[in-house]
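Dropping structure.cif in here (mmCIF, C-alpha atoms and all ligand atoms):
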```
data_start
loop_
_atom_site.label_atom_id
_atom_site.label_comp_id
_atom_site.auth_asym_id
_atom_site.auth_seq_id
_atom_site.Cartn_x
_atom_site.Cartn_y
_atom_site.Cartn_z
CA SER A 1 -9.39 8.97 -23.29
CA THR A 2 -6.94 6.09 -23.56
CA GLN A 3 -7.93 3.37 -21.14
CA ILE A 4 -6.66 0.05 -19.85
CA ARG A 5 -9.49 -2.41 -19.33
CA LEU A 6 -9.57 -5.85 -17.75
CA ALA A 7 -9.78 -8.33 -20.64
CA ALA A 8 -9.59 -11.59 -18.67
CA ARG A 9 -9.28 -12.75 -15.06
CA PRO A 10 -5.58 -13.50 -14.50
CA LEU A 11 -4.44 -16.93 -13.37
CA GLY A 12 -1.41 -16.27 -11.20
CA GLU A 13 0.66 -13.30 -12.30
CA PRO A 14 -1.35 -10.97 -14.58
CA ARG A 15 -0.25 -11.16 -18.24
CA ASP A 16 -0.43 -8.53 -20.97
CA SER A 17 -3.29 -10.47 -22.56
CA ASP A 18 -5.35 -9.97 -19.38
CA PHE A 19 -5.56 -6.27 -20.31
CA GLN A 20 -6.90 -4.42 -23.33
CA THR A 21 -6.27 -0.82 -24.39
CA THR A 22 -9.19 1.19 -25.76
CA VAL A 23 -9.70 4.79 -26.88
CA ARG A 24 -13.05 6.45 -26.12
CA THR A 25 -14.42 9.99 -26.33
CA LEU A 26 -15.60 11.36 -23.00
CA PRO A 27 -19.34 11.83 -22.31
CA GLN A 28 -20.86 15.34 -22.10
CA LEU A 29 -20.39 17.06 -18.73
CA ARG A 30 -23.50 17.22 -16.56
CA ASN A 31 -24.12 19.58 -13.65
CA GLY A 32 -21.92 18.71 -10.68
CA GLN A 33 -19.29 17.04 -12.86
CA VAL A 34 -15.73 17.79 -13.87
CA SER A 35 -13.67 16.52 -16.77
CA LEU A 36 -10.24 15.41 -15.70
CA ARG A 37 -6.79 14.74 -17.15
CA THR A 38 -4.82 12.13 -15.21
CA VAL A 39 -1.43 13.22 -13.93
CA TYR A 40 -0.56 10.30 -11.60
CA LEU A 41 -2.13 6.86 -11.32
CA SER A 42 -1.49 4.93 -8.12
CA LEU A 43 -0.73 1.20 -8.43
CA ASP A 44 -1.58 -0.73 -5.26
CA PRO A 45 -1.50 -4.41 -4.30
CA TYR A 46 -5.30 -4.53 -3.65
CA MET A 47 -5.83 -4.21 -7.43
CA ARG A 48 -4.87 -7.88 -7.79
CA GLY A 49 -7.97 -8.74 -5.74
CA ARG A 50 -10.17 -6.60 -8.00
CA MET A 51 -8.94 -8.55 -11.05
CA SER A 52 -10.24 -11.76 -9.50
CA ASP A 53 -13.86 -12.76 -8.93
CA ALA A 54 -13.13 -14.56 -5.65
CA LYS A 55 -15.32 -13.15 -2.88
CA SER A 56 -13.64 -10.21 -1.18
CA TYR A 57 -14.41 -7.02 0.70
CA ALA A 58 -15.00 -5.11 -2.56
CA ASP A 59 -16.69 -6.06 -5.83
CA PRO A 60 -14.39 -7.16 -8.66
CA VAL A 61 -13.77 -5.13 -11.79
CA GLU A 62 -16.01 -6.64 -14.47
CA ILE A 63 -14.42 -8.02 -17.63
CA GLY A 64 -14.33 -5.15 -20.13
CA ASP A 65 -14.35 -2.42 -17.46
CA VAL A 66 -11.58 0.12 -16.95
CA MET A 67 -9.23 -0.95 -14.14
CA VAL A 68 -9.91 1.04 -10.97
CA GLY A 69 -7.38 3.11 -9.06
CA GLY A 70 -6.65 6.30 -7.20
CA THR A 71 -5.44 9.22 -9.31
CA VAL A 72 -4.23 12.79 -9.11
CA CYS A 73 -5.85 14.75 -11.93
CA GLU A 74 -6.01 18.23 -13.35
CA VAL A 75 -9.48 19.69 -13.89
CA ILE A 76 -9.89 20.50 -17.59
CA GLU A 77 -13.47 21.75 -17.43
CA SER A 78 -15.88 22.14 -14.54
CA ARG A 79 -19.64 22.30 -14.14
CA ALA A 80 -19.36 22.04 -10.37
CA ALA A 81 -19.19 24.68 -7.66
CA GLY A 82 -15.78 24.82 -5.99
CA ARG A 83 -13.83 23.33 -8.92
CA GLN A 84 -12.17 25.28 -11.71
CA ALA A 85 -10.06 24.43 -14.70
CA GLY A 86 -6.47 24.05 -13.56
CA ASP A 87 -7.31 22.68 -10.09
CA LEU A 88 -5.48 19.56 -9.03
CA VAL A 89 -7.65 16.96 -7.35
CA LEU A 90 -7.46 13.53 -5.79
CA ALA A 91 -9.86 11.27 -7.67
CA TYR A 92 -10.61 7.59 -8.27
CA THR A 93 -10.70 7.48 -12.05
CA GLY A 94 -8.54 4.39 -12.65
CA TRP A 95 -6.23 3.32 -15.46
CA GLN A 96 -7.06 6.00 -18.07
CA THR A 97 -5.72 9.28 -19.37
CA HIS A 98 -8.96 11.29 -19.06
CA ALA A 99 -12.29 10.88 -17.29
CA VAL A 100 -15.50 12.59 -16.26
CA ALA A 101 -16.29 12.40 -12.55
CA ASP A 102 -18.74 13.80 -10.03
CA ALA A 103 -16.94 16.63 -8.28
CA ARG A 104 -18.08 15.31 -4.89
CA HIS A 105 -15.95 12.22 -5.54
CA THR A 106 -12.84 14.42 -5.81
CA ARG A 107 -10.82 16.29 -3.20
CA ARG A 108 -8.92 19.48 -4.03
CA LEU A 109 -5.18 19.37 -3.43
CA ASP A 110 -2.99 22.32 -2.56
CA PRO A 111 0.39 21.96 -4.33
CA ARG A 112 1.89 24.55 -1.95
CA GLN A 113 1.24 22.26 1.05
CA ALA A 114 2.92 19.11 -0.33
CA PRO A 115 3.83 17.61 -3.71
CA VAL A 116 0.49 16.40 -5.08
CA SER A 117 1.78 12.85 -5.66
CA THR A 118 1.92 12.38 -1.87
CA ALA A 119 -1.91 12.31 -1.86
CA LEU A 120 -1.57 8.77 -3.25
CA GLY A 121 1.19 7.70 -0.84
CA VAL A 122 2.40 8.99 2.48
CA LEU A 123 -0.48 11.52 2.79
CA GLY A 124 -2.96 9.21 1.08
CA MET A 125 -4.52 5.78 1.48
CA PRO A 126 -1.26 3.85 2.19
CA GLY A 127 -0.06 6.36 4.80
CA PHE A 128 -3.48 6.29 6.41
CA THR A 129 -3.39 2.48 6.49
CA ALA A 130 -0.12 2.59 8.42
CA TYR A 131 -1.41 5.25 10.83
CA ALA A 132 -4.74 3.57 11.57
CA GLY A 133 -3.43 0.00 11.73
CA LEU A 134 -0.44 0.81 13.89
CA PHE A 135 -2.06 3.24 16.30
CA GLU A 136 -5.50 1.61 16.64
CA ILE A 137 -4.49 -2.05 16.60
CA GLY A 138 -0.71 -2.30 17.04
CA ARG A 139 -0.58 0.30 19.83
CA PRO A 140 3.21 0.27 20.28
CA LYS A 141 4.54 1.41 23.64
CA PRO A 142 7.94 3.02 24.26
CA GLY A 143 10.71 0.44 24.27
CA GLU A 144 8.65 -2.25 22.50
CA THR A 145 9.77 -3.89 19.25
CA VAL A 146 7.68 -3.43 16.08
CA VAL A 147 8.37 -5.57 12.99
CA VAL A 148 7.03 -4.81 9.51
CA ALA A 149 7.77 -6.34 6.09
CA ALA A 150 7.42 -4.72 2.64
CA ALA A 151 9.14 -2.07 4.72
CA THR A 152 10.34 0.24 1.94
CA GLY A 153 6.80 0.45 0.50
CA PRO A 154 4.42 3.28 1.40
CA VAL A 155 2.66 1.34 4.15
CA GLY A 156 5.71 -0.32 5.69
CA SER A 157 7.98 2.72 5.61
CA ALA A 158 5.33 4.76 7.42
CA VAL A 159 4.73 1.99 9.98
CA GLY A 160 8.41 1.92 10.96
CA GLN A 161 8.73 5.67 11.24
CA LEU A 162 5.49 6.06 13.21
CA ALA A 163 6.60 3.28 15.56
CA ARG A 164 9.79 5.23 16.25
CA LEU A 165 7.82 8.42 16.85
CA ARG A 166 6.02 6.47 19.60
CA GLY A 167 9.37 5.48 21.13
CA ALA A 168 9.36 1.89 19.91
CA ARG A 169 12.18 0.01 18.20
CA ALA A 170 11.49 -0.53 14.48
CA VAL A 171 12.72 -3.61 12.61
CA GLY A 172 12.12 -3.58 8.86
CA ILE A 173 12.10 -6.55 6.48
CA ALA A 174 12.72 -5.98 2.78
CA GLY A 175 14.00 -7.79 -0.32
CA GLY A 176 17.69 -7.18 -1.10
CA PRO A 177 20.60 -5.14 0.28
CA ARG A 178 19.68 -1.88 -1.50
CA LYS A 179 16.28 -1.74 0.15
CA CYS A 180 17.78 -2.75 3.52
CA ARG A 181 20.26 0.11 3.33
CA ALA A 182 17.42 2.56 2.65
CA LEU A 183 15.55 1.23 5.70
CA ARG A 184 18.44 2.23 7.94
CA GLU A 185 19.72 5.33 6.16
CA VAL A 186 16.57 6.96 4.74
CA PHE A 187 13.77 5.75 6.99
CA GLY A 188 15.72 5.44 10.26
CA PHE A 189 14.77 1.86 11.14
CA ASP A 190 16.80 0.42 14.05
CA ALA A 191 17.47 -2.78 12.09
CA ALA A 192 16.89 -4.02 8.54
CA ILE A 193 16.67 -7.65 7.44
CA ASP A 194 16.67 -9.16 3.97
CA HIS A 195 13.96 -11.83 3.65
CA ARG A 196 15.77 -13.31 0.64
CA SER A 197 18.95 -13.99 2.63
CA PRO A 198 19.62 -17.66 3.56
CA THR A 199 20.26 -16.48 7.14
CA PHE A 200 16.93 -14.62 7.37
CA ARG A 201 15.66 -16.42 10.49
CA GLU A 202 18.93 -15.95 12.38
CA ASP A 203 19.13 -12.31 11.29
CA LEU A 204 15.59 -11.75 12.54
CA ALA A 205 16.44 -13.28 15.92
CA ALA A 206 19.56 -11.11 16.20
CA ALA A 207 17.55 -7.98 15.34
CA SER A 208 14.86 -8.73 17.95
CA PRO A 209 16.80 -9.80 21.06
CA ASP A 210 13.83 -8.89 23.33
CA GLY A 211 11.24 -10.58 21.08
CA VAL A 212 8.51 -8.86 19.05
CA ASP A 213 5.56 -6.94 20.52
CA VAL A 214 3.87 -5.75 17.31
CA TYR A 215 4.00 -7.57 13.99
CA PHE A 216 2.37 -5.36 11.35
CA GLU A 217 1.40 -8.04 8.82
CA ASN A 218 1.83 -6.93 5.20
CA VAL A 219 3.05 -10.09 3.49
CA GLY A 220 2.17 -13.49 4.98
CA GLY A 221 4.13 -16.50 3.66
CA PRO A 222 7.45 -17.61 5.17
CA VAL A 223 8.18 -14.13 6.58
CA ALA A 224 5.04 -14.28 8.73
CA ASP A 225 5.95 -17.76 9.94
CA ALA A 226 9.39 -16.59 11.02
CA VAL A 227 8.17 -13.45 12.80
CA THR A 228 5.33 -15.18 14.63
CA HIS A 229 7.92 -17.48 16.23
CA ARG A 230 9.50 -14.40 17.85
CA LEU A 231 6.33 -12.92 19.40
CA ASN A 232 6.14 -11.94 23.05
CA LYS A 233 3.23 -12.47 25.40
CA PHE A 234 0.35 -10.04 24.61
CA ALA A 235 1.82 -9.15 21.20
CA ARG A 236 -0.51 -7.51 18.65
CA ILE A 237 -0.77 -8.39 14.95
CA PRO A 238 -2.63 -5.87 12.77
CA VAL A 239 -3.33 -7.98 9.65
CA CYS A 240 -3.10 -5.46 6.84
CA GLY A 241 -2.11 -7.47 3.76
CA LEU A 242 -0.79 -10.81 2.50
CA VAL A 243 0.98 -9.73 -0.67
CA ALA A 244 3.11 -12.90 -0.82
CA ASP A 245 -0.09 -14.80 -1.71
CA TYR A 246 -1.92 -12.42 -4.07
CA ASN A 247 -0.84 -14.29 -7.21
CA ALA A 248 -1.26 -17.74 -5.61
CA THR A 249 -3.28 -20.27 -7.57
CA GLY A 250 -3.60 -22.91 -4.85
CA GLN A 251 -2.75 -23.82 -1.26
CA PRO A 252 0.93 -23.58 -0.23
CA GLU A 253 2.96 -26.79 -0.25
CA GLY A 254 4.43 -28.37 2.87
CA VAL A 255 3.36 -28.81 6.46
CA ASP A 256 0.22 -27.13 7.79
CA ARG A 257 1.46 -24.23 9.94
CA LEU A 258 -1.97 -23.15 11.17
CA PRO A 259 -2.15 -25.39 14.31
CA GLY A 260 1.24 -24.14 15.51
CA PHE A 261 0.23 -20.56 14.90
CA LEU A 262 -3.06 -20.95 16.78
CA ARG A 263 -1.19 -22.55 19.68
CA ARG A 264 0.93 -19.37 19.89
CA VAL A 265 -2.22 -17.23 19.71
CA LEU A 266 -3.54 -19.14 22.72
CA THR A 267 -0.45 -19.55 24.88
CA LEU A 268 0.93 -16.05 24.24
CA SER A 269 -2.47 -14.30 24.51
CA LEU A 270 -1.95 -12.72 21.09
CA THR A 271 -4.31 -10.20 19.49
CA VAL A 272 -4.75 -10.86 15.76
CA ARG A 273 -6.97 -8.24 14.13
CA GLY A 274 -7.57 -7.81 10.41
CA PHE A 275 -8.68 -4.48 9.01
CA ILE A 276 -9.49 -2.60 5.83
CA GLN A 277 -8.48 1.02 6.19
CA ASP A 278 -11.95 2.45 5.24
CA GLU A 279 -13.19 1.31 8.61
CA PHE A 280 -11.17 4.04 10.32
CA VAL A 281 -11.77 6.89 7.86
CA PRO A 282 -14.73 8.45 9.74
CA SER A 283 -12.95 8.42 13.09
CA LEU A 284 -9.32 9.09 12.18
CA HIS A 285 -8.82 10.61 8.72
CA ASP A 286 -8.85 14.27 9.80
CA ALA A 287 -6.35 13.59 12.59
CA PHE A 288 -4.20 11.61 10.13
CA LEU A 289 -4.06 14.44 7.58
CA HIS A 290 -3.17 16.94 10.27
CA ASP A 291 -0.54 14.77 12.03
CA MET A 292 1.06 13.20 8.96
CA ALA A 293 1.31 16.46 7.00
CA GLY A 294 3.10 17.97 10.00
CA TRP A 295 5.51 15.05 10.32
CA VAL A 296 6.27 15.08 6.58
CA ARG A 297 6.85 18.86 6.64
CA GLU A 298 9.22 18.69 9.60
CA GLY A 299 11.04 15.67 8.11
CA SER A 300 10.23 13.16 10.85
CA VAL A 301 8.38 11.00 8.30
CA ARG A 302 10.16 10.51 4.99
CA TYR A 303 8.85 8.85 1.84
CA ARG A 304 10.17 7.39 -1.36
CA GLU A 305 8.38 7.23 -4.71
CA ASP A 306 9.00 4.96 -7.68
CA ILE A 307 7.54 6.67 -10.76
CA VAL A 308 7.17 4.94 -14.13
CA GLU A 309 6.40 6.95 -17.25
CA GLY A 310 3.31 6.36 -19.38
CA LEU A 311 -0.01 4.57 -18.88
CA GLU A 312 1.08 1.74 -21.19
CA GLN A 313 3.66 0.76 -18.53
CA ALA A 314 0.97 0.06 -15.91
CA PRO A 315 0.59 -3.74 -16.42
CA GLU A 316 4.34 -4.39 -16.26
CA ALA A 317 4.80 -2.04 -13.29
CA PHE A 318 1.92 -3.78 -11.51
CA ARG A 319 3.59 -7.18 -11.96
CA GLY A 320 6.73 -5.66 -10.45
CA LEU A 321 4.77 -4.43 -7.42
CA LEU A 322 3.72 -7.94 -6.44
CA SER A 323 7.23 -9.32 -6.86
CA GLY A 324 9.21 -6.50 -5.22
CA ARG A 325 10.67 -4.73 -8.26
CA ASN A 326 9.20 -1.42 -7.06
CA PHE A 327 11.24 0.63 -4.61
CA GLY A 328 8.90 3.01 -2.82
CA LYS A 329 5.34 4.11 -3.56
CA LEU A 330 4.60 2.96 -7.14
CA LEU A 331 3.07 5.65 -9.35
CA VAL A 332 2.51 5.95 -13.08
CA ARG A 333 3.02 9.42 -14.53
CA VAL A 334 0.18 9.42 -17.05
CA GLY A 335 0.41 13.06 -18.09
CA GLU A 336 2.57 16.10 -17.45
CA ASP A 337 2.59 17.49 -13.92
P1 LIG B 401 4.54 -2.11 -1.46
O1 LIG B 401 4.93 -0.94 -2.27
O2 LIG B 401 5.26 -2.37 -0.20
O3 LIG B 401 4.65 -3.36 -2.45
C1 LIG B 401 4.54 -4.66 -2.06
C2 LIG B 401 5.89 -5.21 -1.58
O4 LIG B 401 5.69 -6.47 -1.00
C3 LIG B 401 6.90 -5.48 -2.67
O5 LIG B 401 7.59 -4.32 -3.06
C4 LIG B 401 7.82 -6.49 -1.99
O6 LIG B 401 8.86 -5.78 -1.29
C5 LIG B 401 6.91 -7.14 -0.94
N1 LIG B 401 6.72 -8.56 -1.21
C6 LIG B 401 6.17 -9.11 -2.32
N2 LIG B 401 6.19 -10.45 -2.22
C7 LIG B 401 6.75 -10.74 -1.02
C8 LIG B 401 7.03 -11.96 -0.33
N3 LIG B 401 6.74 -13.15 -0.89
N4 LIG B 401 7.61 -11.89 0.90
C9 LIG B 401 7.92 -10.70 1.45
N5 LIG B 401 7.66 -9.52 0.84
C10 LIG B 401 7.09 -9.54 -0.37
O7 LIG B 401 2.96 -2.09 -1.16
P2 LIG B 401 2.07 -1.20 -0.18
O8 LIG B 401 2.91 -0.51 0.83
O9 LIG B 401 1.15 -0.40 -1.03
O10 LIG B 401 1.20 -2.32 0.56
C11 LIG B 401 1.75 -3.13 1.57
C12 LIG B 401 0.68 -4.10 2.08
O11 LIG B 401 -0.39 -3.37 2.65
C13 LIG B 401 0.07 -4.98 0.98
O12 LIG B 401 -0.14 -6.27 1.51
C14 LIG B 401 -1.26 -4.31 0.73
O13 LIG B 401 -2.21 -5.18 0.20
C15 LIG B 401 -1.62 -3.85 2.13
N6 LIG B 401 -2.61 -2.78 2.20
C16 LIG B 401 -3.72 -3.00 2.97
C17 LIG B 401 -4.68 -2.05 3.16
C18 LIG B 401 -5.82 -2.31 4.06
O14 LIG B 401 -6.73 -1.50 4.14
N7 LIG B 401 -5.84 -3.43 4.77
C19 LIG B 401 -4.57 -0.75 2.45
C20 LIG B 401 -3.32 -0.58 1.70
C21 LIG B 401 -2.39 -1.57 1.59
P3 LIG B 401 10.31 -6.46 -0.98
O15 LIG B 401 11.13 -6.28 -2.24
O16 LIG B 401 10.81 -5.65 0.16
O17 LIG B 401 10.07 -7.89 -0.67
#
```
Represent the structure of the file as structure tokens.
Ligand code: NDP
Amino acid sequence: STQIRLAARPLGEPRDSDFQTTVRTLPQLRNGQVSLRTVYLSLDPYMRGRMSDAKSYADPVEIGDVMVGGTVCEVIESRAAGRQAGDLVLAYTGWQTHAVADARHTRRLDPRQAPVSTALGVLGMPGFTAYAGLFEIGRPKPGETVVVAAATGPVGSAVGQLARLRGARAVGIAGGPRKCRALREVFGFDAAIDHRSPTFREDLAAASPDGVDVYFENVGGPVADAVTHRLNKFARIPVCGLVADYNATGQPEGVDRLPGFLRRVLTLSLTVRGFIQDEFVPSLHDAFLHDMAGWVREGSVRYREDIVEGLEQAPEAFRGLLSGRNFGKLLVRVGED
């Protein structure tokens, strides 16, 4: 197996020297295990947290360990009931071309139901994050305005489309005109705003004439400051991610915006609720798979993938994810599909 391991804890944006490529032979299969060939590796923003040893909701990757990550794999050999060579499975084998895994840590995928890559995107963890965060915490009502940033990504694009399915108005924020066009034309957002535009704050105000009832927080930073000035009384903020800060090495410069924000929390009776998607898996994952697969099949939820070729591209593609160079769910094609 060719593997990418964490060689050093990155300071700021991860560099090539923070990773190390190794080649290892796989261990012997034991009962209950399968040997796997990686087809797709998912790259996700949370991986930046795993590279760091700052306290978080999950343990960091140790120096010298293979980088973690969700994968779609083909079973090469099986010593487990219910898995045969040739099966495609969802696994969590990380940044490597081959791996041995316990079969109970894999889920079989049916390529006739949906392209298997969707198990890492719209029908996988990011799609579930949108579903759980929006429906359990955001709770949009018909006619309300929902705002989400990183809106062409797998989480944001699902949030906007699910908001519209609930009869709400969806406003998407993305970087650059190409992404904004896709928000309107591919994903059906009611309005699209470019956070890099010098008129961003005015554009946001024009796109939310009745204020904002749900701000699905994916990014933090100046975007969050602008949106939280547009919130209505009783607005809800599912706090899902703060990708603008993941490479930060210190506190942001400038005035302290926290007191102003807390004043709005108080005077507008806001609900601010952070979440990690695992929390909702026991209660909602079956309903998600059923509902989302139906919406994807009938075309009421669309998705976009950004696929890079070859495991060796993973570090560069990951840097691009945190700075907006990806356009859609970022996947690495590690082996033939
Ligand atoms: P995306 O594919 O949307 O990638 C991240 C995007 O963030 C970039 O493409 C870029 O888009 C945008 N971005 C980066 N920096 C900034 C910035 N400074 N200001 C505004 N936008 C920025 O990622 P995902 O859909 O996979 O994830 C979206 C969020 O959801 C992340 O914060 C992630 O950590 C979080 N998440 C949380 C989970 C949970 O359980 N809480 C689970 C899964 C994801 P653009 O070019 O449009 O700016």
Within 8 Å of ligand LIG 401 (chain B) (all atoms listed in the file), residues as a VMD selection string: chain A and resid 43 to 46 125 to 126 129 149 to 157 173 to 176 179 194 to 196 217 to 223 239 to 245 274 to 278 320 to 330
Rank A:Gly143, A:Gly160, A:Gly211, A:Gly70 by their smallest atom-to-atom distance to Ala91 in chain A, using all atoms listed in the file, and report the top residue only. A:Gly70
For Ser35 in chain A, list every protein, DNA or RNA residue within 10 Å, evaluated using all atoms listed in the file, and leave out those in the same chain fewer than 5 positions away; present the list as an mmCIF file with C-alpha atoms, in the frame of the given file.
```cif
data_model
loop_
_atom_site.group_PDB
_atom_site.id
_atom_site.type_symbol
_atom_site.label_atom_id
_atom_site.label_comp_id
_atom_site.auth_asym_id
_atom_site.auth_seq_id
_atom_site.Cartn_x
_atom_site.Cartn_y
_atom_site.Cartn_z
ATOM 1 C CA LEU A 26 -15.600 11.360 -23.000
ATOM 2 C CA PRO A 27 -19.340 11.830 -22.310
ATOM 3 C CA GLN A 28 -20.860 15.340 -22.100
ATOM 4 C CA LEU A 29 -20.390 17.060 -18.730
ATOM 5 C CA ARG A 30 -23.500 17.220 -16.560
ATOM 6 C CA CYS A 73 -5.850 14.750 -11.930
ATOM 7 C CA GLU A 74 -6.010 18.230 -13.350
ATOM 8 C CA VAL A 75 -9.480 19.690 -13.890
ATOM 9 C CA ILE A 76 -9.890 20.500 -17.590
ATOM 10 C CA GLU A 77 -13.470 21.750 -17.430
ATOM 11 C CA SER A 78 -15.880 22.140 -14.540
ATOM 12 C CA ARG A 79 -19.640 22.300 -14.140
ATOM 13 C CA ALA A 85 -10.060 24.430 -14.700
ATOM 14 C CA HIS A 98 -8.960 11.290 -19.060
ATOM 15 C CA ALA A 99 -12.290 10.880 -17.290
ATOM 16 C CA VAL A 100 -15.500 12.590 -16.260
ATOM 17 C CA ALA A 101 -16.290 12.400 -12.550
ATOM 18 C CA ASP A 102 -18.740 13.800 -10.030
ATOM 19 C CA ALA A 103 -16.940 16.630 -8.280
#
```
Spatial neighbours of Gly49 in chain A, max dist 10 Å, all atoms listed in the file, sep filter under 2 positions, as an mmCIF file with C-alpha atoms, in the frame of the given file:
```cif
data_model
loop_
_atom_site.group_PDB
_atom_site.id
_atom_site.type_symbol
_atom_site.label_atom_id
_atom_site.label_comp_id
_atom_site.auth_asym_id
_atom_site.auth_seq_id
_atom_site.Cartn_x
_atom_site.Cartn_y
_atom_site.Cartn_z
ATOM 1 C CA PRO A 45 -1.500 -4.410 -4.300
ATOM 2 C CA TYR A 46 -5.300 -4.530 -3.650
ATOM 3 C CA MET A 47 -5.830 -4.210 -7.430
ATOM 4 C CA MET A 51 -8.940 -8.550 -11.050
ATOM 5 C CA SER A 52 -10.240 -11.760 -9.500
ATOM 6 C CA ASP A 53 -13.860 -12.760 -8.930
ATOM 7 C CA ALA A 54 -13.130 -14.560 -5.650
ATOM 8 C CA LYS A 55 -15.320 -13.150 -2.880
ATOM 9 C CA SER A 56 -13.640 -10.210 -1.180
ATOM 10 C CA TYR A 57 -14.410 -7.020 0.700
ATOM 11 C CA ALA A 58 -15.000 -5.110 -2.560
ATOM 12 C CA ASP A 59 -16.690 -6.060 -5.830
ATOM 13 C CA PRO A 60 -14.390 -7.160 -8.660
ATOM 14 C CA VAL A 61 -13.770 -5.130 -11.790
ATOM 15 C CA TYR A 246 -1.920 -12.420 -4.070
ATOM 16 C CA ASN A 247 -0.840 -14.290 -7.210
#
```
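Of the residues under consideration (A:Asn31, A:Gln84, A:Gln313, A:Ser117), A:Ser117 shows the shortest atom-to-atom contact distance to Val72 in chain A when counting all atoms listed in the file.
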Neighbourhood query: residues within 12 Å of (7.6, 12.8, -0.2), file coordinates, counting all atoms listed in the file; return as a PDB file with C-alpha atoms, in the frame of the given file.
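File written: out05.pdb
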```
ATOM      1  CA  GLN A 113       1.240  22.260   1.050  1.00  0.00           C
ATOM      2  CA  ALA A 114       2.920  19.110  -0.330  1.00  0.00           C
ATOM      3  CA  PRO A 115       3.830  17.610  -3.710  1.00  0.00           C
ATOM      4  CA  VAL A 116       0.490  16.400  -5.080  1.00  0.00           C
ATOM      5  CA  SER A 117       1.780  12.850  -5.660  1.00  0.00           C
ATOM      6  CA  THR A 118       1.920  12.380  -1.870  1.00  0.00           C
ATOM      7  CA  ALA A 119      -1.910  12.310  -1.860  1.00  0.00           C
ATOM      8  CA  LEU A 120      -1.570   8.770  -3.250  1.00  0.00           C
ATOM      9  CA  GLY A 121       1.190   7.700  -0.840  1.00  0.00           C
ATOM     10  CA  VAL A 122       2.400   8.990   2.480  1.00  0.00           C
ATOM     11  CA  LEU A 123      -0.480  11.520   2.790  1.00  0.00           C
ATOM     12  CA  GLY A 124      -2.960   9.210   1.080  1.00  0.00           C
ATOM     13  CA  GLY A 127      -0.060   6.360   4.800  1.00  0.00           C
ATOM     14  CA  PRO A 154       4.420   3.280   1.400  1.00  0.00           C
ATOM     15  CA  SER A 157       7.980   2.720   5.610  1.00  0.00           C
ATOM     16  CA  ALA A 158       5.330   4.760   7.420  1.00  0.00           C
ATOM     17  CA  VAL A 186      16.570   6.960   4.740  1.00  0.00           C
ATOM     18  CA  PHE A 187      13.770   5.750   6.990  1.00  0.00           C
ATOM     19  CA  MET A 292       1.060  13.200   8.960  1.00  0.00           C
ATOM     20  CA  ALA A 293       1.310  16.460   7.000  1.00  0.00           C
ATOM     21  CA  TRP A 295       5.510  15.050  10.320  1.00  0.00           C
ATOM     22  CA  VAL A 296       6.270  15.080   6.580  1.00  0.00           C
ATOM     23  CA  ARG A 297       6.850  18.860   6.640  1.00  0.00           C
ATOM     24  CA  GLU A 298       9.220  18.690   9.600  1.00  0.00           C
ATOM     25  CA  GLY A 299      11.040  15.670   8.110  1.00  0.00           C
ATOM     26  CA  SER A 300      10.230  13.160  10.850  1.00  0.00           C
ATOM     27  CA  VAL A 301       8.380  11.000   8.300  1.00  0.00           C
ATOM     28  CA  ARG A 302      10.160  10.510   4.990  1.00  0.00           C
ATOM     29  CA  TYR A 303       8.850   8.850   1.840  1.00  0.00           C
ATOM     30  CA  ARG A 304      10.170   7.390  -1.360  1.00  0.00           C
ATOM     31  CA  GLU A 305       8.380   7.230  -4.710  1.00  0.00           C
ATOM     32  CA  ASP A 306       9.000   4.960  -7.680  1.00  0.00           C
ATOM     33  CA  GLY A 328       8.900   3.010  -2.820  1.00  0.00           C
ATOM     34  CA  LYS A 329       5.340   4.110  -3.560  1.00  0.00           C
TER      35      LYS A 329
END
```
